[in-house]
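Data from upload_6.csv: CSV, C-alpha atoms and all ligand atoms
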```csv
chain,number,residue,atom,x,y,z
A,1,MET,CA,15.4,-2.7,18.2
A,2,GLN,CA,17.9,-0.2,16.9
A,3,VAL,CA,16.5,3.1,15.7
A,4,PHE,CA,18.1,5.1,12.9
A,5,HIS,CA,17.2,8.6,11.8
A,6,HIS,CA,20.1,9.0,9.3
A,7,VAL,CA,21.0,7.1,6.2
A,8,ALA,CA,24.7,6.8,7.1
A,9,GLY,CA,24.1,5.1,10.4
A,10,LEU,CA,21.6,2.6,9.0
A,11,ARG,CA,23.9,1.8,6.1
A,12,GLU,CA,26.8,1.1,8.4
A,13,ALA,CA,24.8,-1.2,10.6
A,14,LEU,CA,23.4,-3.0,7.5
A,15,ALA,CA,26.8,-3.4,6.0
A,16,GLU,CA,27.9,-5.1,9.2
A,17,ALA,CA,24.9,-7.4,9.1
A,18,ARG,CA,25.6,-8.3,5.5
A,19,ARG,CA,29.3,-9.1,6.4
A,20,ASP,CA,27.9,-11.6,8.9
A,21,GLY,CA,26.0,-13.2,6.0
A,22,LYS,CA,22.5,-11.9,7.0
A,23,THR,CA,19.7,-11.5,4.5
A,24,VAL,CA,17.7,-8.3,4.9
A,25,GLY,CA,13.9,-8.0,4.8
A,26,PHE,CA,12.3,-4.6,4.4
A,27,VAL,CA,8.9,-3.3,5.2
A,28,PRO,CA,8.3,0.4,4.2
A,29,THR,CA,5.5,2.1,6.0
A,30,MET,CA,4.1,5.5,6.8
A,31,GLY,CA,3.6,4.5,10.5
A,32,ASN,CA,0.4,4.5,12.5
A,33,LEU,CA,1.0,0.8,12.6
A,34,HIS,CA,-1.9,-1.7,12.9
A,35,ASP,CA,-2.1,-5.5,12.9
A,36,ALA,CA,-1.7,-5.7,9.1
A,37,HIS,CA,1.7,-3.9,9.3
A,38,ILE,CA,2.8,-6.3,12.0
A,39,GLU,CA,1.8,-9.2,9.7
A,40,LEU,CA,4.1,-7.7,7.0
A,41,VAL,CA,6.9,-7.7,9.6
A,42,LYS,CA,6.2,-11.4,10.5
A,43,ILE,CA,6.3,-12.3,6.8
A,44,ALA,CA,9.6,-10.4,6.3
A,45,GLN,CA,11.0,-12.4,9.4
A,46,GLN,CA,9.9,-15.7,7.8
A,47,HIS,CA,11.9,-14.8,4.6
A,48,CYS,CA,15.0,-13.0,6.0
A,49,ASP,CA,17.5,-13.0,8.9
A,50,LEU,CA,17.1,-9.3,9.8
A,51,VAL,CA,14.1,-7.0,9.3
A,52,VAL,CA,14.1,-3.2,8.7
A,53,VAL,CA,10.9,-1.2,9.0
A,54,SER,CA,10.8,2.4,7.7
A,55,ILE,CA,8.4,5.0,9.0
A,56,PHE,CA,8.2,8.0,6.8
A,57,VAL,CA,5.1,10.0,5.9
A,58,ASN,CA,6.1,10.8,2.3
A,59,ARG,CA,4.7,14.2,1.4
A,60,LEU,CA,5.7,13.6,-2.3
A,61,GLN,CA,2.9,11.0,-2.7
A,62,PHE,CA,0.1,13.2,-1.2
A,63,GLY,CA,-1.9,15.6,-3.4
A,64,LEU,CA,-2.3,19.2,-2.3
A,65,ASN,CA,-5.8,18.7,-0.9
A,66,GLU,CA,-4.9,15.4,0.7
A,67,ASP,CA,-4.3,14.5,4.4
A,68,TRP,CA,-0.5,14.8,4.7
A,69,ASP,CA,-0.7,17.3,7.6
A,70,LYS,CA,-3.3,15.3,9.5
A,71,TYR,CA,-2.0,11.8,8.7
A,72,PRO,CA,-1.8,10.1,12.1
A,73,ARG,CA,1.7,10.1,13.5
A,74,THR,CA,2.1,7.7,16.4
A,75,LEU,CA,5.8,7.0,16.6
A,76,GLU,CA,6.0,6.1,20.3
A,77,ARG,CA,3.2,3.5,20.0
A,78,ASP,CA,4.6,2.3,16.7
A,79,MET,CA,8.0,1.7,18.4
A,80,VAL,CA,6.3,-0.3,21.1
A,81,ARG,CA,4.5,-2.5,18.6
A,82,LEU,CA,7.7,-3.0,16.5
A,83,ARG,CA,9.7,-4.0,19.6
A,84,GLU,CA,7.0,-6.5,20.6
A,85,ALA,CA,7.2,-7.9,17.1
A,86,SER,CA,11.0,-8.3,17.5
A,87,CYS,CA,11.8,-5.9,14.6
A,88,ASP,CA,15.5,-5.4,14.3
A,89,PHE,CA,16.0,-2.0,12.8
A,90,LEU,CA,13.6,1.0,12.5
A,91,PHE,CA,14.5,3.7,10.0
A,92,ASN,CA,12.7,6.9,10.8
A,93,PRO,CA,14.2,9.7,8.8
A,94,ASP,CA,13.2,13.4,8.6
A,95,GLU,CA,12.1,14.9,5.3
A,96,SER,CA,15.5,16.6,5.0
A,97,GLU,CA,17.2,13.3,5.2
A,98,ILE,CA,15.1,11.8,2.3
A,99,TYR,CA,14.9,15.0,0.2
A,100,PRO,CA,18.1,16.9,1.1
A,101,ASN,CA,17.8,19.0,-2.1
A,102,GLY,CA,14.1,19.7,-1.5
A,103,MET,CA,11.1,17.9,-3.1
A,104,ASP,CA,10.8,20.2,-6.1
A,105,GLN,CA,14.3,19.4,-7.3
A,106,GLN,CA,14.1,15.7,-6.5
A,107,THR,CA,14.9,13.3,-9.3
A,108,ARG,CA,11.7,11.4,-9.9
A,109,VAL,CA,11.0,7.8,-10.8
A,110,VAL,CA,8.1,7.7,-13.2
A,111,CYS,CA,6.3,4.5,-14.1
A,112,PRO,CA,4.0,5.3,-17.0
A,113,ALA,CA,2.4,1.9,-16.9
A,114,MET,CA,-0.7,1.5,-14.8
A,115,THR,CA,-0.4,4.8,-13.0
A,116,ASP,CA,-3.1,7.0,-14.6
A,117,VAL,CA,-6.0,4.6,-13.9
A,118,LEU,CA,-8.0,3.6,-10.8
A,119,CYS,CA,-6.3,5.3,-7.8
A,120,GLY,CA,-3.9,7.2,-10.1
A,121,ALA,CA,-6.9,8.8,-11.9
A,122,SER,CA,-8.2,10.4,-8.7
A,123,ARG,CA,-4.8,11.0,-7.1
A,124,PRO,CA,-2.6,12.6,-9.9
A,125,GLY,CA,1.1,12.4,-9.0
A,126,HIS,CA,0.5,9.9,-6.2
A,127,PHE,CA,2.3,6.9,-7.8
A,128,GLU,CA,5.2,9.0,-8.9
A,129,GLY,CA,5.7,10.0,-5.2
A,130,VAL,CA,5.4,6.3,-4.2
A,131,THR,CA,7.9,5.0,-6.8
A,132,THR,CA,10.4,7.8,-6.1
A,133,VAL,CA,10.4,7.2,-2.4
A,134,VAL,CA,10.4,3.4,-2.6
A,135,ALA,CA,13.3,3.5,-5.1
A,136,LYS,CA,15.2,5.7,-2.7
A,137,LEU,CA,14.4,3.5,0.3
A,138,PHE,CA,15.5,0.4,-1.8
A,139,ASN,CA,18.8,2.2,-2.5
A,140,ILE,CA,19.3,3.1,1.1
A,141,VAL,CA,18.3,-0.3,2.6
A,142,GLN,CA,19.3,-2.6,-0.3
A,143,PRO,CA,17.1,-5.3,1.0
A,144,THR,CA,17.1,-8.9,-0.2
A,145,LYS,CA,13.3,-8.9,-0.1
A,146,ALA,CA,10.7,-6.2,0.5
A,147,VAL,CA,7.1,-6.9,1.7
A,148,PHE,CA,4.0,-5.0,0.4
A,149,GLY,CA,0.4,-5.6,1.2
A,150,ILE,CA,-2.0,-6.7,-1.5
A,151,LYS,CA,-4.6,-4.3,-0.2
A,152,ASP,CA,-2.8,-1.6,-2.2
A,153,PHE,CA,-3.0,-3.8,-5.3
A,154,GLN,CA,-2.2,-1.1,-7.8
A,155,GLN,CA,0.8,0.1,-5.7
A,156,LEU,CA,2.1,-3.5,-5.6
A,157,ALA,CA,1.8,-3.9,-9.3
A,158,VAL,CA,3.5,-0.5,-10.0
A,159,ILE,CA,6.4,-1.3,-7.6
A,160,ARG,CA,6.8,-4.7,-9.2
A,161,ARG,CA,7.0,-3.0,-12.6
A,162,MET,CA,9.5,-0.4,-11.4
A,163,VAL,CA,11.7,-3.2,-9.9
A,164,GLU,CA,11.6,-5.1,-13.2
A,165,ASP,CA,12.1,-2.0,-15.5
A,166,LEU,CA,15.0,-0.6,-13.4
A,167,CYS,CA,16.6,-4.0,-12.7
A,168,ILE,CA,16.5,-3.4,-8.9
A,169,PRO,CA,17.9,-6.4,-7.2
A,170,VAL,CA,15.1,-6.9,-4.7
A,171,GLU,CA,12.4,-9.6,-4.5
A,172,VAL,CA,9.0,-8.1,-3.9
A,173,VAL,CA,6.9,-10.3,-1.6
A,174,ALA,CA,3.1,-9.8,-1.6
A,175,ALA,CA,1.2,-10.1,1.8
A,176,PRO,CA,-2.5,-11.0,2.0
A,177,VAL,CA,-5.0,-8.4,3.0
A,178,HIS,CA,-5.5,-8.3,6.7
A,179,ARG,CA,-9.2,-7.7,7.6
A,180,GLU,CA,-11.4,-6.8,10.5
A,181,ALA,CA,-14.1,-9.3,11.5
A,182,ASP,CA,-16.7,-7.8,9.1
A,183,GLY,CA,-14.3,-7.8,6.2
A,184,LEU,CA,-13.1,-4.2,6.3
A,185,ALA,CA,-9.5,-4.1,5.1
A,186,MET,CA,-7.1,-2.8,7.7
A,187,SER,CA,-5.7,0.6,6.9
A,188,SER,CA,-4.2,3.6,8.8
A,189,ARG,CA,-7.0,5.7,7.3
A,190,ASN,CA,-9.7,3.6,9.0
A,191,SER,CA,-9.1,5.9,12.0
A,192,TYR,CA,-10.9,8.6,10.0
A,193,ILE,CA,-14.1,6.5,9.8
A,194,THR,CA,-16.9,7.9,12.1
A,195,GLU,CA,-18.9,5.7,14.5
A,196,ASP,CA,-22.0,6.2,12.4
A,197,GLU,CA,-20.2,5.1,9.3
A,198,ARG,CA,-18.3,2.1,10.8
A,199,PRO,CA,-21.2,-0.5,10.5
A,200,ARG,CA,-21.7,0.4,6.9
A,201,VAL,CA,-18.2,0.6,5.4
A,202,ALA,CA,-18.0,-3.2,5.0
A,203,VAL,CA,-20.2,-2.7,2.0
A,204,LEU,CA,-17.1,-2.1,-0.1
A,205,ASN,CA,-15.7,-5.6,0.7
A,206,GLN,CA,-19.2,-7.2,0.5
A,207,SER,CA,-19.7,-5.7,-3.0
A,208,LEU,CA,-16.3,-6.9,-4.2
A,209,ASN,CA,-17.1,-10.4,-2.9
A,210,TRP,CA,-20.5,-10.3,-4.5
A,211,VAL,CA,-19.0,-9.4,-7.9
A,212,LYS,CA,-16.3,-12.1,-7.5
A,213,ALA,CA,-19.1,-14.7,-6.8
A,214,GLU,CA,-21.1,-13.5,-9.9
A,215,ILE,CA,-18.0,-13.9,-12.2
A,216,GLU,CA,-17.2,-17.3,-10.7
A,217,GLY,CA,-20.8,-18.2,-11.4
A,218,GLY,CA,-20.3,-17.4,-15.1
A,219,ARG,CA,-21.3,-13.7,-15.5
A,220,ARG,CA,-19.2,-11.7,-17.9
A,221,ASP,CA,-21.3,-8.6,-18.2
A,222,PHE,CA,-18.6,-6.7,-16.4
A,223,ALA,CA,-19.9,-3.2,-17.1
A,224,GLU,CA,-23.3,-4.1,-15.6
A,225,LEU,CA,-21.7,-5.8,-12.6
A,226,GLU,CA,-19.6,-2.7,-12.0
A,227,LYS,CA,-22.7,-0.5,-12.2
A,228,GLN,CA,-24.7,-2.7,-9.8
A,229,ALA,CA,-21.9,-2.9,-7.2
A,230,GLY,CA,-21.3,0.9,-7.5
A,231,ARG,CA,-25.0,1.5,-6.9
A,232,ARG,CA,-25.0,-0.7,-3.8
A,233,ILE,CA,-22.1,1.3,-2.3
A,234,GLU,CA,-23.9,4.6,-3.1
A,235,GLU,CA,-27.1,3.3,-1.5
A,236,SER,CA,-25.1,2.7,1.7
A,237,GLY,CA,-24.4,6.4,1.8
A,238,PHE,CA,-20.9,6.6,0.4
A,239,ARG,CA,-19.5,8.4,-2.7
A,240,LEU,CA,-18.0,6.0,-5.1
A,241,ASP,CA,-14.6,6.8,-6.6
A,242,TYR,CA,-14.4,3.7,-8.8
A,243,PHE,CA,-15.4,0.1,-9.0
A,244,SER,CA,-13.6,-1.8,-11.7
A,245,ILE,CA,-13.0,-5.3,-13.0
A,246,ARG,CA,-9.5,-5.6,-14.3
A,247,ASN,CA,-6.9,-8.1,-15.6
A,248,SER,CA,-4.7,-8.9,-12.6
A,249,ARG,CA,-1.4,-8.7,-14.6
A,250,ASP,CA,-1.6,-5.3,-16.4
A,251,LEU,CA,-4.7,-3.7,-14.7
A,252,GLN,CA,-6.4,-3.3,-18.1
A,253,PRO,CA,-10.2,-3.6,-18.2
A,254,ALA,CA,-10.9,-7.4,-17.9
A,255,ALA,CA,-11.7,-9.3,-21.1
A,256,ASP,CA,-14.3,-12.2,-21.2
A,257,ASP,CA,-11.5,-14.8,-21.5
A,258,ASP,CA,-9.1,-13.5,-18.9
A,259,ASP,CA,-8.2,-16.1,-16.4
A,260,GLN,CA,-6.7,-13.8,-13.7
A,261,ILE,CA,-9.1,-11.1,-12.7
A,262,THR,CA,-9.0,-8.5,-9.8
A,263,VAL,CA,-12.0,-6.5,-8.8
A,264,LEU,CA,-11.0,-3.2,-7.3
A,265,GLY,CA,-13.0,-0.5,-5.5
A,266,ALA,CA,-12.5,2.9,-3.9
A,267,MET,CA,-15.1,4.9,-2.0
A,268,TYR,CA,-15.2,8.1,0.1
A,269,THR,CA,-16.6,8.2,3.7
A,270,SER,CA,-17.0,11.7,5.2
A,271,ALA,CA,-13.3,12.0,6.0
A,272,ALA,CA,-11.5,9.0,4.4
A,273,ARG,CA,-11.0,7.4,1.1
A,274,LEU,CA,-11.1,3.6,1.4
A,275,ILE,CA,-9.8,1.0,-1.1
A,276,ASP,CA,-10.0,-2.7,-1.3
A,277,ASN,CA,-9.8,-5.5,-3.9
A,278,VAL,CA,-10.3,-9.2,-4.4
A,279,SER,CA,-8.6,-11.5,-7.0
A,280,LEU,CA,-9.9,-14.6,-8.7
A,281,GLU,CA,-8.4,-17.2,-10.9
A,282,LEU,CA,-10.7,-18.9,-13.5
A,301,LIG,O1,1.9,1.9,1.4
A,301,LIG,C1,2.5,2.8,2.0
A,301,LIG,O2,2.4,3.0,3.2
A,301,LIG,C2,3.3,3.8,1.2
A,301,LIG,O3,2.8,4.1,0.0
A,301,LIG,C3,4.8,3.4,1.1
A,301,LIG,C4,5.0,2.1,0.3
A,301,LIG,C5,5.4,3.2,2.5
A,301,LIG,C6,5.6,4.5,0.4
A,301,LIG,O4,5.6,5.7,1.1
```
Now that the file is in, can you turn its structure into structure tokens?
Ligand code: PAF
Amino acid sequence: MQVFHHVAGLREALAEARRDGKTVGFVPTMGNLHDAHIELVKIAQQHCDLVVVSIFVNRLQFGLNEDWDKYPRTLERDMVRLREASCDFLFNPDESEIYPNGMDQQTRVVCPAMTDVLCGASRPGHFEGVTTVVAKLFNIVQPTKAVFGIKDFQQLAVIRRMVEDLCIPVEVVAAPVHREADGLAMSSRNSYITEDERPRVAVLNQSLNWVKAEIEGGRRDFAELEKQAGRRIEESGFRLDYFSIRNSRDLQPAADDDDQITVLGAMYTSAARLIDNVSLEL
């Protein structure tokens, strides 16, 4: 695996690969890699000849009171995992490489659709930070395809929208949620879950699946379902952020006759904010 810290070196190597006719798959990450990230790499390998992974903990997408400074940084271990997974290129830039003019003066990419609800409501500015850095990374890597996990359903929807609106020539590939045995969706922030909380956090996924089954069974009292699921999460000792039944395409509140529905939830443990979702087609 070749490791690049600078845009220029990465671009040169990618230009050579393209001259050899290679297609480029891209997996943007913030590091602290776990099995779900490695799955994204494998999917990128199935689609493309050469795979680039980026590791960059993007301060622009963290709120002032969020965990940017304590976000786990495990570069040495991440590199071992990427080498084992036969990743071709790692791009690991410094903040000054991505934001050479400083973050305050950085030109932003704003996607007004779908960004002020759900995770966007409790994390103001988050999606603007994501779209800005992903647009920059797309410009740097110029991938044929880029792989994103469905676990961050709203992020995936917003990125798809950005790509469409800005005519960015990249195909976005969605990767299924990778789960622990009890259903907990894999996430770098799972390392914040305490031992005492760990047996109970599966309640998020269980509640999503319960609501999914109720809708498949014919229920359409969405507000009541959301309330019941939210209560179940709170009774397990967690503070609810949101629990919401939405149209999968535009993330608007689901209507009775919608045929593609996604149920999304977010809850707080003592030190983490966990998100998950399940989709259903009717
Ligand atoms: O999903 C993530 O890890 C981040 O939001 C991303 C896409 C790498 C942008 O910083």
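Here atom CA of A:Trp68 is placed at a distance of 10.6 Å from atom CA of A:Met30.
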Write out as an mmCIF file with C-alpha atoms, in the coordinates of the input each polymer residue (protein, DNA or RNA) that has an atom no more than 8 Å from ligand LIG 301 (chain A), with only C-alpha atoms and all ligand atoms counted.
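What landed in selection.cif:
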```cif
data_model
loop_
_atom_site.group_PDB
_atom_site.id
_atom_site.type_symbol
_atom_site.label_atom_id
_atom_site.label_comp_id
_atom_site.auth_asym_id
_atom_site.auth_seq_id
_atom_site.Cartn_x
_atom_site.Cartn_y
_atom_site.Cartn_z
ATOM 1 C CA VAL A 27 8.900 -3.300 5.200
ATOM 2 C CA PRO A 28 8.300 0.400 4.200
ATOM 3 C CA THR A 29 5.500 2.100 6.000
ATOM 4 C CA MET A 30 4.100 5.500 6.800
ATOM 5 C CA GLY A 31 3.600 4.500 10.500
ATOM 6 C CA SER A 54 10.800 2.400 7.700
ATOM 7 C CA ILE A 55 8.400 5.000 9.000
ATOM 8 C CA PHE A 56 8.200 8.000 6.800
ATOM 9 C CA VAL A 57 5.100 10.000 5.900
ATOM 10 C CA ASN A 58 6.100 10.800 2.300
ATOM 11 C CA GLN A 61 2.900 11.000 -2.700
ATOM 12 C CA GLY A 129 5.700 10.000 -5.200
ATOM 13 C CA VAL A 130 5.400 6.300 -4.200
ATOM 14 C CA THR A 131 7.900 5.000 -6.800
ATOM 15 C CA VAL A 133 10.400 7.200 -2.400
ATOM 16 C CA VAL A 134 10.400 3.400 -2.600
ATOM 17 C CA PHE A 148 4.000 -5.000 0.400
ATOM 18 C CA GLY A 149 0.400 -5.600 1.200
ATOM 19 C CA ASP A 152 -2.800 -1.600 -2.200
ATOM 20 C CA GLN A 155 0.800 0.100 -5.700
#
```
**Asked** Looking at all atoms listed in the file, which of A:Asp116, A:Glu224, A:Glu281, A:Glu95 is the one that sits closest to A:Arg59?
**Response** A:Glu95
**Request:** For A:Val170, list every protein, DNA or RNA residue within 9 Å, evaluated using all atoms listed in the file, and leave out those in the same chain fewer than 5 positions away; present the list as a VMD selection string.
**Result:** chain A and resid 138 142 to 146 163
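Atom CA of A:Cys111 is positioned 7.0 Å from atom CA of A:Glu128.
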**Request:** Select all residues near (-18.4, -5.6, 3.2) (cut-off 12 Å, inclusive, file coordinates), counting only C-alpha atoms, and output them as an MDAnalysis selection string.
**Result:** chainID A and resid 179:185 198:211 229 232:233 236 265 274:278
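Relative to atom CA of A:Arg81, atom CA of A:Leu10 is found at 20.3 Å.
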**Prompt:** Contacts of A:Asp257 at 12 Å or less, counting only C-alpha atoms, minus same-chain residues fewer than 6 places along, as a list of chain:residue names?
**Reply:** A:Ile215, A:Gly218, A:Arg219, A:Arg220, A:Phe222, A:Arg246, A:Asn247, A:Glu281, A:Leu282
**Request:** Around the point (10.6, 15.0, -10.7) in the file's coordinates, collect all residues with an atom within 12 Å, using all atoms listed in the file, and return them as a list in words.
**Result:** Leu60, Gln61, Tyr99, Asn101, Gly102, Met103, Asp104, Gln105, Gln106, Thr107, Arg108, Val109, Val110, Cys111, Gly125, Phe127, Glu128, Gly129, Thr131, Thr132 and Val133 of chain A
Write the residues of the selection above to a file with C-alpha atoms, as a CSV table (one decimal), keeping the file's coordinate frame.
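What ended up in part22.csv:
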```csv
chain,number,residue,atom,x,y,z
A,60,LEU,CA,5.7,13.6,-2.3
A,61,GLN,CA,2.9,11.0,-2.7
A,99,TYR,CA,14.9,15.0,0.2
A,101,ASN,CA,17.8,19.0,-2.1
A,102,GLY,CA,14.1,19.7,-1.5
A,103,MET,CA,11.1,17.9,-3.1
A,104,ASP,CA,10.8,20.2,-6.1
A,105,GLN,CA,14.3,19.4,-7.3
A,106,GLN,CA,14.1,15.7,-6.5
A,107,THR,CA,14.9,13.3,-9.3
A,108,ARG,CA,11.7,11.4,-9.9
A,109,VAL,CA,11.0,7.8,-10.8
A,110,VAL,CA,8.1,7.7,-13.2
A,111,CYS,CA,6.3,4.5,-14.1
A,125,GLY,CA,1.1,12.4,-9.0
A,127,PHE,CA,2.3,6.9,-7.8
A,128,GLU,CA,5.2,9.0,-8.9
A,129,GLY,CA,5.7,10.0,-5.2
A,131,THR,CA,7.9,5.0,-6.8
A,132,THR,CA,10.4,7.8,-6.1
A,133,VAL,CA,10.4,7.2,-2.4
```
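The nearest approach to A:Val24 among the residues A:Arg239, A:Asp49, A:Cys119, A:Gln260, with all atoms listed in the file taken into account, belongs to A:Asp49.
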**Request:** Using all atoms listed in the file, pick whichever of A:Lys151, A:Leu50, A:Glu235, A:Ile43 has the shortest atom-to-atom distance to A:Asp20.
**Result:** A:Leu50
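Nearest residue to A:Arg273, choosing from A:Ser244, A:Gln252, A:Gln228, A:Ser122 and counting only C-alpha atoms: A:Ser122.
Among the candidates A:Ala254, A:Val117, A:Ala272, A:Leu40, the one nearest to A:Asp67 when counting all atoms listed in the file is A:Ala272.
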**Message:** Could you check the closest approach to A:Val51 for each of A:Ile98, A:Ala174, A:Ala266, A:Ala17 and tell me which residue wins, using all atoms listed in the file?
**Reply:** A:Ala17
